[in-house]
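Colleague: Have a look at this one.
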Amino acid sequence: MKYEYMHPREQIVTIMRRVYGYGMTTTSGGNISILDTTGDVWITPGGIDKGGLTEGDIVRMRGDTVVEGTHPPSSEYPFHRAVFSRRPDIRAVLHAHPAALVAFSLVRKIPDTSIIPQARAVCGEVGYAAYAIPGSEELGRNIAAAFAKGFDTVLLENHGVAAAGSNLLEAFQRFETLDFCARTLINAGVLGTAQTLGPEQIALFNLGKNQKMPELDLKARTSGELAIRREMREFIHRAYRQRLMTSTEGTVSVRVDQDSFLISPYGIDRSYMDESDFVLIRGGKRERGLVPSRAVIMHLEIYAANPDMNAIISAQSPAVTAFTVTGTRLESATIPESYIELRDMPLIAFGRQFTDEKGLAAQISRQTPVVLLQNDAILTTGKNLTEAYDRLEVAEFSANAILNAAKLGSVQRIGEAELDAIREKFRLT
Ligand SMILES: [Zn+2]
């Protein structure tokens, strides 16, 4: 079912499953609320296992009174209510204790979302609420005061995080994206210093070329195109489940014929994307009424420059992103599988993916099937979607191995003579 047609009970259960399923809260911690159009608040109950939450467990509050439900509301209800009273535009609040964000709250540092343009766009700047005992009116005042300053995500000192939005999906996306930033910054600390982007660099992300593409009317769809749509849906859902993409980031495209390809849309949650959302691009025009991913021009130029390439993925997989934000080379000459699949992965300076798509495309070939885009994403290509996806997984596993190895000692490359032998045996030229 489309999210916007879900009852508040169903929305809360669906989102809590995502939060718990991803290990971003414990059985006892975390709570979610929705303010409905009558002014009543729907909220998770106190003391109920988050792993087995059902719609019947959700409590409806009117002021301090339970008007529907068999449990008491979450003990954190006072702060949810305080946030709604201070910010009329907020209709949903999510609170949890994911480990990476709790780590920031323990050292009392605010994660900087300007490391990736999309994270900055989704989360904005992050607020900070001083410690107070859980469930207290004082904690409610501290958190609500931070939201009243205009922040949509607030770090809770020695506690966790609260994210809010005009609907629950927006609040969740902010929460998940901020958690992604926190994990990235922690990993980046192993490699060096994360580089932040200035306002003029972030503005490049909002050029809106995807929205300005001319439109075209389509005739009947071929069976080949319909099969590709299904394959794309399956791989995007898999990427989300395996955390190679977040709900707000990650683009997949597949060539349909010489002149056209399908690409994932702009602005739709990756875990809800389905066949009908993908946008056909033909002769530089987009299917009427649909908006493709912001990466569309870059994908278009890569297909134009590489007639034998049939699939492209751009994604912020978590370990690789630590390399892109620190500008660290991801060394593939570490294990044979990485070298064979990924080859040499050049790091492309930030901004070229938005302003120099043709030049960037010229750097990609069968010999260079993968590039890293600084402060953004990894871009993998392949003769089919399986190959592009495998390269994304191999890159993420390799990045993870190097991050872990760096904690153990000095990372050793495979020698040049051994690389020559790999090139010869696997006919890599
Ligand atoms: Zn809490």
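Ordering of the structure tokens sets the chain letters (A, B, ...), residue numbers begin anew at 1 in every chain, and ligands are numbered from 1 in the order given.
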Which chains and residue numbers are within 8 Å of ligand 1, counting only C-alpha atoms and all ligand atoms, if I want them as a PyMOL selection string?
Modeller: chain A and resi 29-31+76+95-97+134+159-161
Colleague: Would you write out those residues with all heavy atoms, as an mmCIF file, in the first residue's frame?
Modeller:
```cif
data_model
loop_
_atom_site.group_PDB
_atom_site.id
_atom_site.type_symbol
_atom_site.label_atom_id
_atom_site.label_comp_id
_atom_site.auth_asym_id
_atom_site.auth_seq_id
_atom_site.Cartn_x
_atom_site.Cartn_y
_atom_site.Cartn_z
ATOM 1 N N GLY A 29 13.816 0.493 23.850
ATOM 2 C CA GLY A 29 14.055 1.915 23.568
ATOM 3 C C GLY A 29 13.346 2.386 22.315
ATOM 4 O O GLY A 29 12.968 1.595 21.462
ATOM 5 N N GLY A 30 13.180 3.690 22.203
ATOM 6 C CA GLY A 30 12.662 4.266 20.962
ATOM 7 C C GLY A 30 11.162 4.446 20.991
ATOM 8 O O GLY A 30 10.444 3.601 21.532
ATOM 9 N N ASN A 31 10.689 5.539 20.416
ATOM 10 C CA ASN A 31 9.254 5.789 20.334
ATOM 11 C C ASN A 31 8.936 6.688 19.152
ATOM 12 O O ASN A 31 9.791 7.434 18.677
ATOM 13 C CB ASN A 31 8.722 6.358 21.658
ATOM 14 C CG ASN A 31 9.747 7.211 22.368
ATOM 15 O OD1 ASN A 31 9.987 8.332 21.957
ATOM 16 N ND2 ASN A 31 10.392 6.665 23.388
ATOM 17 N N GLU A 76 8.058 8.720 27.102
ATOM 18 C CA GLU A 76 8.586 9.951 26.490
ATOM 19 C C GLU A 76 7.477 10.801 25.854
ATOM 20 O O GLU A 76 7.765 11.771 25.155
ATOM 21 C CB GLU A 76 9.650 9.622 25.432
ATOM 22 C CG GLU A 76 10.902 8.926 25.968
ATOM 23 C CD GLU A 76 11.836 9.833 26.761
ATOM 24 O OE1 GLU A 76 11.413 10.927 27.193
ATOM 25 O OE2 GLU A 76 13.000 9.421 26.949
ATOM 26 N N HIS A 95 11.986 8.997 17.913
ATOM 27 C CA HIS A 95 13.110 9.056 18.852
ATOM 28 C C HIS A 95 13.694 7.657 19.043
ATOM 29 O O HIS A 95 12.950 6.681 19.166
ATOM 30 C CB HIS A 95 12.628 9.605 20.206
ATOM 31 C CG HIS A 95 13.574 9.303 21.333
ATOM 32 N ND1 HIS A 95 14.872 9.764 21.338
ATOM 33 C CD2 HIS A 95 13.428 8.565 22.471
ATOM 34 C CE1 HIS A 95 15.467 9.328 22.445
ATOM 35 N NE2 HIS A 95 14.617 8.593 23.138
ATOM 36 N N ALA A 96 15.014 7.546 19.013
ATOM 37 C CA ALA A 96 15.672 6.250 19.238
ATOM 38 C C ALA A 96 17.113 6.467 19.689
ATOM 39 O O ALA A 96 17.580 7.615 19.783
ATOM 40 C CB ALA A 96 15.610 5.388 17.986
ATOM 41 N N HIS A 97 17.779 5.357 19.931
ATOM 42 C CA HIS A 97 19.161 5.400 20.450
ATOM 43 C C HIS A 97 20.113 4.608 19.558
ATOM 44 O O HIS A 97 20.750 3.663 20.030
ATOM 45 C CB HIS A 97 19.227 4.809 21.867
ATOM 46 C CG HIS A 97 18.109 5.202 22.785
ATOM 47 N ND1 HIS A 97 17.476 4.323 23.619
ATOM 48 C CD2 HIS A 97 17.507 6.399 22.990
ATOM 49 C CE1 HIS A 97 16.540 4.944 24.312
ATOM 50 N NE2 HIS A 97 16.529 6.204 23.942
ATOM 51 N N PRO A 134 15.007 11.039 31.537
ATOM 52 C CA PRO A 134 14.014 10.600 30.560
ATOM 53 C C PRO A 134 12.585 10.695 31.098
ATOM 54 O O PRO A 134 12.339 10.428 32.276
ATOM 55 C CB PRO A 134 14.398 9.133 30.308
ATOM 56 C CG PRO A 134 15.860 9.079 30.567
ATOM 57 C CD PRO A 134 16.096 10.073 31.681
ATOM 58 N N HIS A 159 22.158 10.548 25.412
ATOM 59 C CA HIS A 159 20.879 9.837 25.306
ATOM 60 C C HIS A 159 20.665 9.271 23.904
ATOM 61 O O HIS A 159 20.748 8.066 23.704
ATOM 62 C CB HIS A 159 19.759 10.813 25.715
ATOM 63 C CG HIS A 159 18.406 10.197 25.776
ATOM 64 N ND1 HIS A 159 17.357 10.745 26.450
ATOM 65 C CD2 HIS A 159 17.903 9.077 25.211
ATOM 66 C CE1 HIS A 159 16.284 9.993 26.335
ATOM 67 N NE2 HIS A 159 16.602 8.972 25.578
ATOM 68 N N GLY A 160 20.423 10.111 22.905
ATOM 69 C CA GLY A 160 20.091 9.590 21.566
ATOM 70 C C GLY A 160 19.734 10.720 20.628
ATOM 71 O O GLY A 160 20.372 11.772 20.650
ATOM 72 N N VAL A 161 18.681 10.521 19.849
ATOM 73 C CA VAL A 161 18.343 11.513 18.840
ATOM 74 C C VAL A 161 16.826 11.589 18.671
ATOM 75 O O VAL A 161 16.114 10.607 18.943
ATOM 76 C CB VAL A 161 19.026 11.145 17.488
ATOM 77 C CG1 VAL A 161 18.420 9.893 16.885
ATOM 78 C CG2 VAL A 161 18.973 12.303 16.490
#
```
Colleague: Which residues of range 106-221 of chain A come within 12 Å of range 275-279 of chain A, and what is each one's closest atom pair and distance in Å (one decimal), counting only C-alpha atoms, sorted by chain and residue number, as a tab-separated table?
Modeller:
```
residue	atom	partner	partner_atom	distance
A:Asn210	CA	A:Val279	CA	11.0
A:Met213	CA	A:Val279	CA	12.0
A:Glu215	CA	A:Val279	CA	10.8
A:Leu216	CA	A:Val279	CA	11.1
A:Asp217	CA	A:Val279	CA	12.0
A:Leu218	CA	A:Val279	CA	11.1
A:Arg221	CA	A:Ser276	CA	11.7
```
Colleague: Keeping only N, CA, C and O atoms, write the selected residues as an mmCIF file, in the first residue's frame.
Modeller:
```cif
data_model
loop_
_atom_site.group_PDB
_atom_site.id
_atom_site.type_symbol
_atom_site.label_atom_id
_atom_site.label_comp_id
_atom_site.auth_asym_id
_atom_site.auth_seq_id
_atom_site.Cartn_x
_atom_site.Cartn_y
_atom_site.Cartn_z
ATOM 1 N N ASN A 210 17.528 17.328 -13.860
ATOM 2 C CA ASN A 210 16.576 16.217 -14.047
ATOM 3 C C ASN A 210 15.154 16.728 -14.265
ATOM 4 O O ASN A 210 14.368 16.124 -14.985
ATOM 5 N N MET A 213 14.689 18.393 -17.997
ATOM 6 C CA MET A 213 14.764 17.577 -19.227
ATOM 7 C C MET A 213 13.456 17.661 -19.993
ATOM 8 O O MET A 213 12.380 17.599 -19.394
ATOM 9 N N GLU A 215 10.218 16.452 -22.152
ATOM 10 C CA GLU A 215 9.410 15.236 -21.948
ATOM 11 C C GLU A 215 9.029 14.613 -23.290
ATOM 12 O O GLU A 215 9.023 15.288 -24.312
ATOM 13 N N LEU A 216 8.707 13.341 -23.242
ATOM 14 C CA LEU A 216 8.216 12.699 -24.465
ATOM 15 C C LEU A 216 7.046 11.780 -24.128
ATOM 16 O O LEU A 216 6.917 11.298 -23.003
ATOM 17 N N ASP A 217 6.178 11.567 -25.135
ATOM 18 C CA ASP A 217 5.049 10.656 -24.965
ATOM 19 C C ASP A 217 5.452 9.287 -25.476
ATOM 20 O O ASP A 217 6.098 9.172 -26.515
ATOM 21 N N LEU A 218 5.063 8.264 -24.721
ATOM 22 C CA LEU A 218 5.486 6.910 -25.082
ATOM 23 C C LEU A 218 4.349 6.117 -25.693
ATOM 24 O O LEU A 218 3.192 6.301 -25.337
ATOM 25 N N ARG A 221 4.759 -0.268 -24.199
ATOM 26 C CA ARG A 221 6.040 -0.718 -23.649
ATOM 27 C C ARG A 221 6.350 -2.121 -24.163
ATOM 28 O O ARG A 221 5.459 -2.960 -24.243
#
```
Colleague: CA of Gly267 in chain A and CA of Met232 in chain A, how far apart in Å?
Modeller: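 Distance reported for this atom pair: 16.4 Å.
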Colleague: Could you pull out the alpha helix (DSSP H) residues of range 11-95 of chain A from DSSP and send them as number ranges by chain?
Modeller: A: 11-21, 77-86
Colleague: Export, as a PDB file, in the first residue's frame, the selected residues with N, CA and C atoms.
Modeller:
```pdb
ATOM      1  N   GLN A  11       1.232   3.224   9.907  1.00  0.00           N
ATOM      2  CA  GLN A  11       2.477   3.971   9.637  1.00  0.00           C
ATOM      3  C   GLN A  11       3.483   3.752  10.762  1.00  0.00           C
ATOM      4  N   ILE A  12       3.003   3.863  12.002  1.00  0.00           N
ATOM      5  CA  ILE A  12       3.916   3.742  13.151  1.00  0.00           C
ATOM      6  C   ILE A  12       4.515   2.333  13.208  1.00  0.00           C
ATOM      7  N   VAL A  13       3.680   1.317  13.003  1.00  0.00           N
ATOM      8  CA  VAL A  13       4.186  -0.062  13.063  1.00  0.00           C
ATOM      9  C   VAL A  13       5.176  -0.314  11.923  1.00  0.00           C
ATOM     10  N   THR A  14       4.837   0.166  10.722  1.00  0.00           N
ATOM     11  CA  THR A  14       5.712  -0.034   9.561  1.00  0.00           C
ATOM     12  C   THR A  14       7.086   0.603   9.786  1.00  0.00           C
ATOM     13  N   ILE A  15       7.080   1.838  10.268  1.00  0.00           N
ATOM     14  CA  ILE A  15       8.354   2.545  10.446  1.00  0.00           C
ATOM     15  C   ILE A  15       9.129   1.950  11.634  1.00  0.00           C
ATOM     16  N   MET A  16       8.432   1.565  12.703  1.00  0.00           N
ATOM     17  CA  MET A  16       9.147   0.970  13.836  1.00  0.00           C
ATOM     18  C   MET A  16       9.813  -0.341  13.415  1.00  0.00           C
ATOM     19  N   ARG A  17       9.157  -1.082  12.525  1.00  0.00           N
ATOM     20  CA  ARG A  17       9.778  -2.315  12.012  1.00  0.00           C
ATOM     21  C   ARG A  17      11.067  -2.006  11.261  1.00  0.00           C
ATOM     22  N   ARG A  18      11.048  -0.919  10.485  1.00  0.00           N
ATOM     23  CA  ARG A  18      12.266  -0.549   9.762  1.00  0.00           C
ATOM     24  C   ARG A  18      13.366  -0.151  10.747  1.00  0.00           C
ATOM     25  N   VAL A  19      12.999   0.632  11.754  1.00  0.00           N
ATOM     26  CA  VAL A  19      13.993   1.098  12.731  1.00  0.00           C
ATOM     27  C   VAL A  19      14.577  -0.093  13.497  1.00  0.00           C
ATOM     28  N   TYR A  20      13.692  -0.963  13.981  1.00  0.00           N
ATOM     29  CA  TYR A  20      14.166  -2.109  14.775  1.00  0.00           C
ATOM     30  C   TYR A  20      14.904  -3.108  13.885  1.00  0.00           C
ATOM     31  N   GLY A  21      14.354  -3.341  12.694  1.00  0.00           N
ATOM     32  CA  GLY A  21      14.948  -4.310  11.771  1.00  0.00           C
ATOM     33  C   GLY A  21      16.375  -3.938  11.386  1.00  0.00           C
ATOM     34  N   TYR A  77       6.213  10.451  26.077  1.00  0.00           N
ATOM     35  CA  TYR A  77       5.116  11.237  25.514  1.00  0.00           C
ATOM     36  C   TYR A  77       5.231  12.738  25.802  1.00  0.00           C
ATOM     37  N   PRO A  78       5.661  13.140  27.024  1.00  0.00           N
ATOM     38  CA  PRO A  78       5.738  14.597  27.293  1.00  0.00           C
ATOM     39  C   PRO A  78       6.598  15.351  26.270  1.00  0.00           C
ATOM     40  N   PHE A  79       7.712  14.751  25.829  1.00  0.00           N
ATOM     41  CA  PHE A  79       8.545  15.518  24.897  1.00  0.00           C
ATOM     42  C   PHE A  79       7.924  15.554  23.500  1.00  0.00           C
ATOM     43  N   HIS A  80       7.261  14.470  23.098  1.00  0.00           N
ATOM     44  CA  HIS A  80       6.573  14.484  21.791  1.00  0.00           C
ATOM     45  C   HIS A  80       5.526  15.607  21.785  1.00  0.00           C
ATOM     46  N   ARG A  81       4.736  15.673  22.851  1.00  0.00           N
ATOM     47  CA  ARG A  81       3.677  16.671  22.920  1.00  0.00           C
ATOM     48  C   ARG A  81       4.266  18.085  22.930  1.00  0.00           C
ATOM     49  N   ALA A  82       5.397  18.245  23.643  1.00  0.00           N
ATOM     50  CA  ALA A  82       6.038  19.567  23.699  1.00  0.00           C
ATOM     51  C   ALA A  82       6.526  20.000  22.310  1.00  0.00           C
ATOM     52  N   VAL A  83       7.057  19.045  21.537  1.00  0.00           N
ATOM     53  CA  VAL A  83       7.542  19.388  20.188  1.00  0.00           C
ATOM     54  C   VAL A  83       6.361  19.824  19.316  1.00  0.00           C
ATOM     55  N   PHE A  84       5.260  19.067  19.355  1.00  0.00           N
ATOM     56  CA  PHE A  84       4.091  19.440  18.538  1.00  0.00           C
ATOM     57  C   PHE A  84       3.566  20.827  18.919  1.00  0.00           C
ATOM     58  N   SER A  85       3.626  21.159  20.207  1.00  0.00           N
ATOM     59  CA  SER A  85       3.066  22.450  20.616  1.00  0.00           C
ATOM     60  C   SER A  85       3.958  23.617  20.188  1.00  0.00           C
ATOM     61  N   ARG A  86       5.280  23.367  20.042  1.00  0.00           N
ATOM     62  CA  ARG A  86       6.174  24.467  19.665  1.00  0.00           C
ATOM     63  C   ARG A  86       6.339  24.624  18.154  1.00  0.00           C
TER      64      ARG A  86
END
```
Colleague: Would you compute the distance between CA of Ala406 in chain A and CA of Asn375 in chain A? Give it in Å to one decimal.
Modeller: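 Atom-to-atom, CA of Ala406 in chain A to CA of Asn375 in chain A, that is 20.9 Å.
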Colleague: Could you check the closest approach to Gln363 in chain A for each of A:Asp390, A:Asp308, A:Glu301, A:Glu125 and tell me which residue wins, using only C-alpha atoms?
Modeller: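 Going through A:Asp390, A:Asp308, A:Glu301, A:Glu125 one by one, the smallest distance to Gln363 in chain A is for A:Glu301.
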Colleague: Pull the strand (DSSP E or B) assignments for range 117-200 of chain A out of DSSP run on the backbone, and list those residues as JSON, numbers by chain.
Modeller: {"A": [126, 127, 128, 129, 153, 154, 155, 156, 160, 161, 162, 163, 164, 165]}
Colleague: Could you write out that same residue set with C-alpha atoms as a PDB file, in the first residue's frame?
Modeller:
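What ended up in result.pdb:
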```
ATOM      1  CA  VAL A 126      21.360  19.389  13.632  1.00  0.00           C
ATOM      2  CA  GLY A 127      20.183  20.857  16.954  1.00  0.00           C
ATOM      3  CA  TYR A 128      21.276  19.908  20.467  1.00  0.00           C
ATOM      4  CA  ALA A 129      19.263  19.362  23.662  1.00  0.00           C
ATOM      5  CA  THR A 153      16.829  16.720  13.908  1.00  0.00           C
ATOM      6  CA  VAL A 154      18.077  17.146  17.469  1.00  0.00           C
ATOM      7  CA  LEU A 155      20.848  15.278  19.267  1.00  0.00           C
ATOM      8  CA  LEU A 156      19.937  14.457  22.896  1.00  0.00           C
ATOM      9  CA  GLY A 160      20.091   9.590  21.566  1.00  0.00           C
ATOM     10  CA  VAL A 161      18.343  11.513  18.840  1.00  0.00           C
ATOM     11  CA  ALA A 162      14.927  12.896  17.857  1.00  0.00           C
ATOM     12  CA  ALA A 163      13.878  13.560  14.255  1.00  0.00           C
ATOM     13  CA  ALA A 164      10.705  15.264  13.099  1.00  0.00           C
ATOM     14  CA  GLY A 165       8.863  15.968   9.872  1.00  0.00           C
TER      15      GLY A 165
END
```
Colleague: Do you know which residues are at most 12 Å from range 234-238 of chain A counting only C-alpha atoms, after dropping those on the same chain fewer than 5 positions away, and could you put them as JSON, numbers by chain?
Modeller: {"A": [227, 228, 229, 243, 244, 245, 246, 247, 248, 249, 250, 251, 252, 253, 254, 263, 264, 265, 268, 269, 270, 271, 272, 273, 274, 275, 277, 278, 311, 312, 313, 314, 315, 384, 385, 386, 387, 388, 389, 390, 392, 393]}
Colleague: Just the number, please: distance in Å from CA of Pro98 in chain A to CA of Ile110 in chain A, one decimal.
Modeller: 14.4 Å
